[in-house]
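Asker: One structure coming up, written as C-alpha cells, with questions to follow.
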Amino acid sequence: MTTRKKSMLVLGMMSGTSADGIDVALARISGNGPKLSVKLEGHHHVAFPARVRKAIFRLANGGPTTTAEISQLNVLLGEEFARAAISACRSWRVPLRRVSLIGSHGQTIYHQGAPSNFLNHPRLSSTLQIGEPSVIAERTGVTTIADFRPADMVAGGQGAPLVPFVDYLLYRHPTRSRAALNIGGIANVTVIPAHAKPKDVFAFDTGPGNMIVDALVEAFTRGRSHYDKDSGMAIRGRLLPNLLNELMGDPYLQKQPPKTAGREQFGQPHTQKILTWGKKHRAKHEDLVRTATIFTSLSIANAFQRFILPRTKIDELIVSGGGVRNPLMMVYLAATLGFPVIFSGQLGIKPEAKEALAFAVLAYESYHGRTNNLPSATGAKHSAILGKLVYGRER
C-alpha cells in the first residue's frame, strides 16, 4: 500500500494477562519509520462481564474446554472488542467514520514462545490470541489488523515482546539511555541506549507484574476485589523472608534473554504454590500479598542487575501499566534500582493507555507495509510485517 502523507486516526485495543477488560487508545499518527509522529488523543477502558472474564481465565489456565467453546469465545470476544471500540468513540464524541484503522491485540489464551517437540516436530512454538477481527471490522466498519505475534514466531522469534518497537519510536534520546518498563500482568522492559539504532535496542519479559498480587487478592476477597488498591492489603502485612527467597529462586529469573513469560510461568499453578505455602506456615493474607508485591519489585530489579546494567547504564526508567497504581511496588522498585523513575504520563502517555497505543502504532506500520518487529527484542532471524488484515465494510 502507498504511504499516506496525511495523518490517520487509529484505534489500538489491548487486553492483557490480567483480563480485567479492554483498553482502547485513540492515536493520531503520521510519517513513517523513525520519524513517525504519534499523539495520544484519548483512552477508554471497558470491563469484561464477570462470566467472560471467568471463561478467559479458565482457558488461559489450561482448564477443561472444547474446540467449540474456544471457537465461540473467539467470536464473543470479537463482539466485546467491537463494543469497546464503539463505546470509546462515543465517549470521545468521535464518529467511527473518522477512524481509519483499528489495531487489536486480542486476548492471549496460550503462548509458548520457546520451541518444543510436538508430534515429532522438534522445534514448534505457538501462540493463540482470540477476539475475531472479522467481527470487529463488521461491527465498526473499520479496517482491522490483529493477530500480530505469529509472523514474528515463524521468523524464529518468541512473538514477544512486541511493544519495544513502539518504545524505541517514542522514547529514543540522543544523549540519555532509557529503559521503558511496563508492569501489566507480566512485567516487560525495553532498553534504549543513547542515540540507539533499532539493532541496539533489547527487551524481554522480566517476570511477573501484577499477576501474582492480583490473583492472591482475588482469592482472599473471593472475587470482590481484583487488585490491591493503593497497596492497602500489602501495607498491613509483613515480609516473609523464607517465602521471598523461594520465589526469587524461580528458574525464569535466571534465564538469559530474549525470553517471554505469561500464565504458563506465573499463572494459577504458581499462585497455588504460594497459597499452599501460606496455609502450611499459617501466614496471614496480608503477609502473603506484601511478600508477593516485594517479590515483583525485586524480580524486576534482579533483571536490571543481571541482564541490563552490565551492558549499559540507565539514565531514566519510564514506567507504565497498572503497576504504577501500586505505591508499595513503586517505592521498592525505585529504592532498589537507584536511578530516576518517571511515569509515562509525564511524557504525554497515560500509563494505562501505553500498550493499547502501541498496537495502534503497530497496526499503522503494518497497514503501510512496513516491518514492525524488533529482532533484537524477540529473537527473530529477521524483521517482519506483523498482523492479519480484515477490511472494513463500506461506510
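Identifiers in the C-alpha cells: chain A, B, ... in order shown; residue index from 1 per chain; ligand index from 1 in order shown.
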Stretch 185-215 of chain A near stretch 256-267 of chain A within 9 Å: what's each residue's closest atom pair and its distance in Å to one decimal, counting only C-alpha atoms, ordered by chain then ascending residue number, as CSV?
Answerer:
residue,atom,partner,partner_atom,distance
A:Gly185,CA,A:Gly262,CA,8.0
A:Ile186,CA,A:Gly262,CA,6.4
A:Ala187,CA,A:Ala261,CA,8.7
A:Asn188,CA,A:Thr260,CA,8.5
A:Phe202,CA,A:Pro258,CA,8.2
A:Ala203,CA,A:Pro258,CA,7.0
A:Phe204,CA,A:Lys259,CA,5.5
A:Asp205,CA,A:Thr260,CA,5.0
A:Thr206,CA,A:Ala261,CA,7.9
A:Gly207,CA,A:Ala261,CA,6.1
A:Pro208,CA,A:Phe266,CA,6.4
A:Met211,CA,A:Gly267,CA,7.3
A:Ile212,CA,A:Phe266,CA,7.0
A:Ala215,CA,A:Gly267,CA,8.4
Asker: How about saving the chosen residues, C-alpha atoms kept, as a PDB file, in the first residue's frame?
Answerer:
ATOM      1  CA  GLY A 185       0.071  -8.820  34.407  1.00  0.00           C
ATOM      2  CA  ILE A 186       3.610  -9.564  33.250  1.00  0.00           C
ATOM      3  CA  ALA A 187       6.424  -7.005  33.507  1.00  0.00           C
ATOM      4  CA  ASN A 188       8.476  -6.271  30.405  1.00  0.00           C
ATOM      5  CA  PHE A 202      16.975  -5.079  23.541  1.00  0.00           C
ATOM      6  CA  ALA A 203      13.942  -6.144  25.513  1.00  0.00           C
ATOM      7  CA  PHE A 204      12.424  -9.047  27.407  1.00  0.00           C
ATOM      8  CA  ASP A 205       9.816 -10.028  29.970  1.00  0.00           C
ATOM      9  CA  THR A 206      11.360  -9.707  33.428  1.00  0.00           C
ATOM     10  CA  GLY A 207       8.740 -11.979  35.025  1.00  0.00           C
ATOM     11  CA  PRO A 208       5.534 -11.314  36.965  1.00  0.00           C
ATOM     12  CA  MET A 211      -0.405 -11.119  38.049  1.00  0.00           C
ATOM     13  CA  ILE A 212       0.511 -12.830  41.325  1.00  0.00           C
ATOM     14  CA  ALA A 215      -4.561 -13.463  41.932  1.00  0.00           C
TER      15      ALA A 215
END
Asker: As a list in words, please: the residues near A:Gly379 (cut-off 10 Å, only C-alpha atoms, same-chain neighbours under 3 positions excluded).
Answerer: Asp152, Met153, Ala155, Gly156, Gly157, Gln158, Gly159, Ala160, Pro161, Phe202, Ala203, Phe204, Pro257, Pro258, Lys259, Asn373, Leu374, Pro375, Ser376 and His382 of chain A
Asker: Please produce a file of those selected residues containing C-alpha atoms, as an mmCIF file, in the first residue's frame.
Answerer:
data_model
loop_
_atom_site.group_PDB
_atom_site.id
_atom_site.type_symbol
_atom_site.label_atom_id
_atom_site.label_comp_id
_atom_site.auth_asym_id
_atom_site.auth_seq_id
_atom_site.Cartn_x
_atom_site.Cartn_y
_atom_site.Cartn_z
ATOM 1 C CA ASP A 152 7.456 -12.934 14.379
ATOM 2 C CA MET A 153 7.381 -16.516 15.671
ATOM 3 C CA ALA A 155 10.610 -15.888 11.644
ATOM 4 C CA GLY A 156 12.311 -17.531 14.623
ATOM 5 C CA GLY A 157 11.223 -15.073 17.318
ATOM 6 C CA GLN A 158 9.261 -15.614 20.502
ATOM 7 C CA GLY A 159 6.372 -13.412 19.366
ATOM 8 C CA ALA A 160 7.016 -11.131 22.324
ATOM 9 C CA PRO A 161 7.651 -8.561 23.458
ATOM 10 C CA PHE A 202 16.975 -5.079 23.541
ATOM 11 C CA ALA A 203 13.942 -6.144 25.513
ATOM 12 C CA PHE A 204 12.424 -9.047 27.407
ATOM 13 C CA PRO A 257 17.031 -13.009 27.341
ATOM 14 C CA PRO A 258 15.418 -12.983 24.881
ATOM 15 C CA LYS A 259 12.611 -14.531 26.873
ATOM 16 C CA ASN A 373 9.069 -6.179 14.981
ATOM 17 C CA LEU A 374 12.440 -5.766 16.683
ATOM 18 C CA PRO A 375 14.501 -8.939 16.178
ATOM 19 C CA SER A 376 16.866 -7.761 18.923
ATOM 20 C CA HIS A 382 14.813 -11.036 10.510
#
Asker: For A:Leu240, find every residue with an atom within 10 Å (counting only C-alpha atoms), except residues of its own chain fewer than 4 positions away, and show them as a short mmCIF file (atom, residue, chain, number, x, y, z; two decimals) with C-alpha atoms, in the first residue's frame.
Answerer:
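Written output follows (result_5.cif):
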data_model
loop_
_atom_site.label_atom_id
_atom_site.label_comp_id
_atom_site.auth_asym_id
_atom_site.auth_seq_id
_atom_site.Cartn_x
_atom_site.Cartn_y
_atom_site.Cartn_z
CA LEU A 244 10.60 -14.42 49.27
CA ASN A 245 13.77 -16.50 48.95
CA GLY A 278 0.83 -19.80 53.32
CA ALA A 283 0.71 -16.96 57.13
CA ASP A 287 1.75 -11.04 54.68
CA LEU A 288 1.45 -13.11 51.50
CA VAL A 289 0.30 -10.09 49.48
CA ARG A 290 3.11 -7.92 50.83
CA THR A 291 5.70 -10.58 50.05
CA ALA A 292 4.33 -11.07 46.54
CA ILE A 294 8.02 -7.04 47.07
#
Asker: Between A:Ala363, A:Lys279, A:His226, A:Asn210, which is the closest to A:Met329 once you count only C-alpha atoms?
Answerer: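 Selected residue with least distance to A:Met329: A:Asn210.
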Asker: When you draw a straight line from atom CA of A:His173 to atom CA of A:His195, how long is it in Å?
Answerer: 5.8 Å
Asker: Which of stretch 141-343 of chain A end up as strand (DSSP E) when DSSP is run on this backbone - answer as an MDAnalysis selection string?
Answerer: chainID A and resid 144:146 178:183 186:192 202:208 316:320 341:343
Asker: What does the file look like for those residues with C-alpha atoms, as a tab-separated table (two decimals), in the first residue's frame?
Answerer:
chain	number	residue	atom	x	y	z
A	144	THR	CA	-8.84	-4.04	11.39
A	145	ILE	CA	-5.41	-5.60	11.86
A	146	ALA	CA	-4.98	-8.28	14.53
A	178	ARG	CA	16.43	4.95	28.82
A	179	ALA	CA	14.55	1.85	29.90
A	180	ALA	CA	10.80	1.60	29.35
A	181	LEU	CA	9.14	-0.72	31.85
A	182	ASN	CA	5.54	-1.83	31.55
A	183	ILE	CA	4.04	-3.51	34.61
A	186	ILE	CA	3.61	-9.56	33.25
A	187	ALA	CA	6.42	-7.00	33.51
A	188	ASN	CA	8.48	-6.27	30.40
A	189	VAL	CA	11.34	-3.89	29.80
A	190	THR	CA	12.79	-2.20	26.72
A	191	VAL	CA	16.35	-0.87	26.91
A	192	ILE	CA	17.12	2.04	24.57
A	202	PHE	CA	16.97	-5.08	23.54
A	203	ALA	CA	13.94	-6.14	25.51
A	204	PHE	CA	12.42	-9.05	27.41
A	205	ASP	CA	9.82	-10.03	29.97
A	206	THR	CA	11.36	-9.71	33.43
A	207	GLY	CA	8.74	-11.98	35.03
A	208	PRO	CA	5.53	-11.31	36.97
A	316	GLU	CA	15.95	7.17	33.24
A	317	LEU	CA	13.34	4.49	33.80
A	318	ILE	CA	9.94	5.22	32.24
A	319	VAL	CA	7.18	3.16	33.85
A	320	SER	CA	3.69	2.42	32.52
A	341	VAL	CA	11.91	6.63	37.84
A	342	ILE	CA	9.28	8.60	35.93
A	343	PHE	CA	5.77	7.68	34.80
Asker: Compare A:Glu79, A:Ser116, A:Ala151, A:Leu101 by their minimum atom-to-atom distance to A:Met8, counting only C-alpha atoms, and give me the closest one.
Answerer: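 Smallest distance to A:Met8 is found for A:Leu101.
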Asker: Can you tell me which residues surround stretch 220-224 of chain A at a distance of at most 12 Å, considering only C-alpha atoms, apart from same-chain residues fewer than 2 positions away, and format the answer as number ranges by chain?
Answerer: A: 50, 53-54, 213-218, 226-229, 233, 271, 275, 278, 284-289
Asker: Pick out the closest residue to A:Pro351 from this set: A:Ala82, A:Gly321, A:Pro193, A:Ala335. Count only C-alpha atoms.
Answerer: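 When distances to A:Pro351 are compared using only C-alpha atoms, the smallest one comes from A:Gly321.
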Asker: Which residues are close to A:Ala137, i.e. within 10 Å by only C-alpha atoms, leaving aside same-chain residues fewer than 2 positions away? Reply as a PyMOL selection string.
Answerer: chain A and resi 78+82+101-102+132-135+139-145+389-393
Asker: Could you state the separation of atom CA of A:Ala301 and atom CA of A:Ser225 in Å, given to one decimal place?
Answerer: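 Computing it gives 27.4 Å between the two atoms.
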Asker: Between A:Asn120, A:Thr371, A:Thr17, A:Ser37, which residue has the minimum interatomic distance to A:Gly106, considering only C-alpha atoms?
Answerer: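 Of all the options, A:Thr17 lies closest to A:Gly106.
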Asker: Find the residue from A:Ser125, A:Ser177, A:Ser297, A:Gln272 that sits nearest to A:Gly209; use only C-alpha atoms when measuring.
Answerer: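 For A:Gly209, the nearest of the given residues is A:Ser297.
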Asker: Give the answer as one residue: which of A:Leu124, A:Ala194, A:Leu347, A:Ile314 has the shortest atom-to-atom distance to A:Leu40, using only C-alpha atoms?
Answerer: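 Among A:Leu124, A:Ala194, A:Leu347, A:Ile314, it is A:Leu347 that comes nearest to A:Leu40.
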Asker: For atom CA of A:Gly12 and atom CA of A:Ala27, quote the distance in Å rounded to one decimal.
Answerer: 7.7 Å
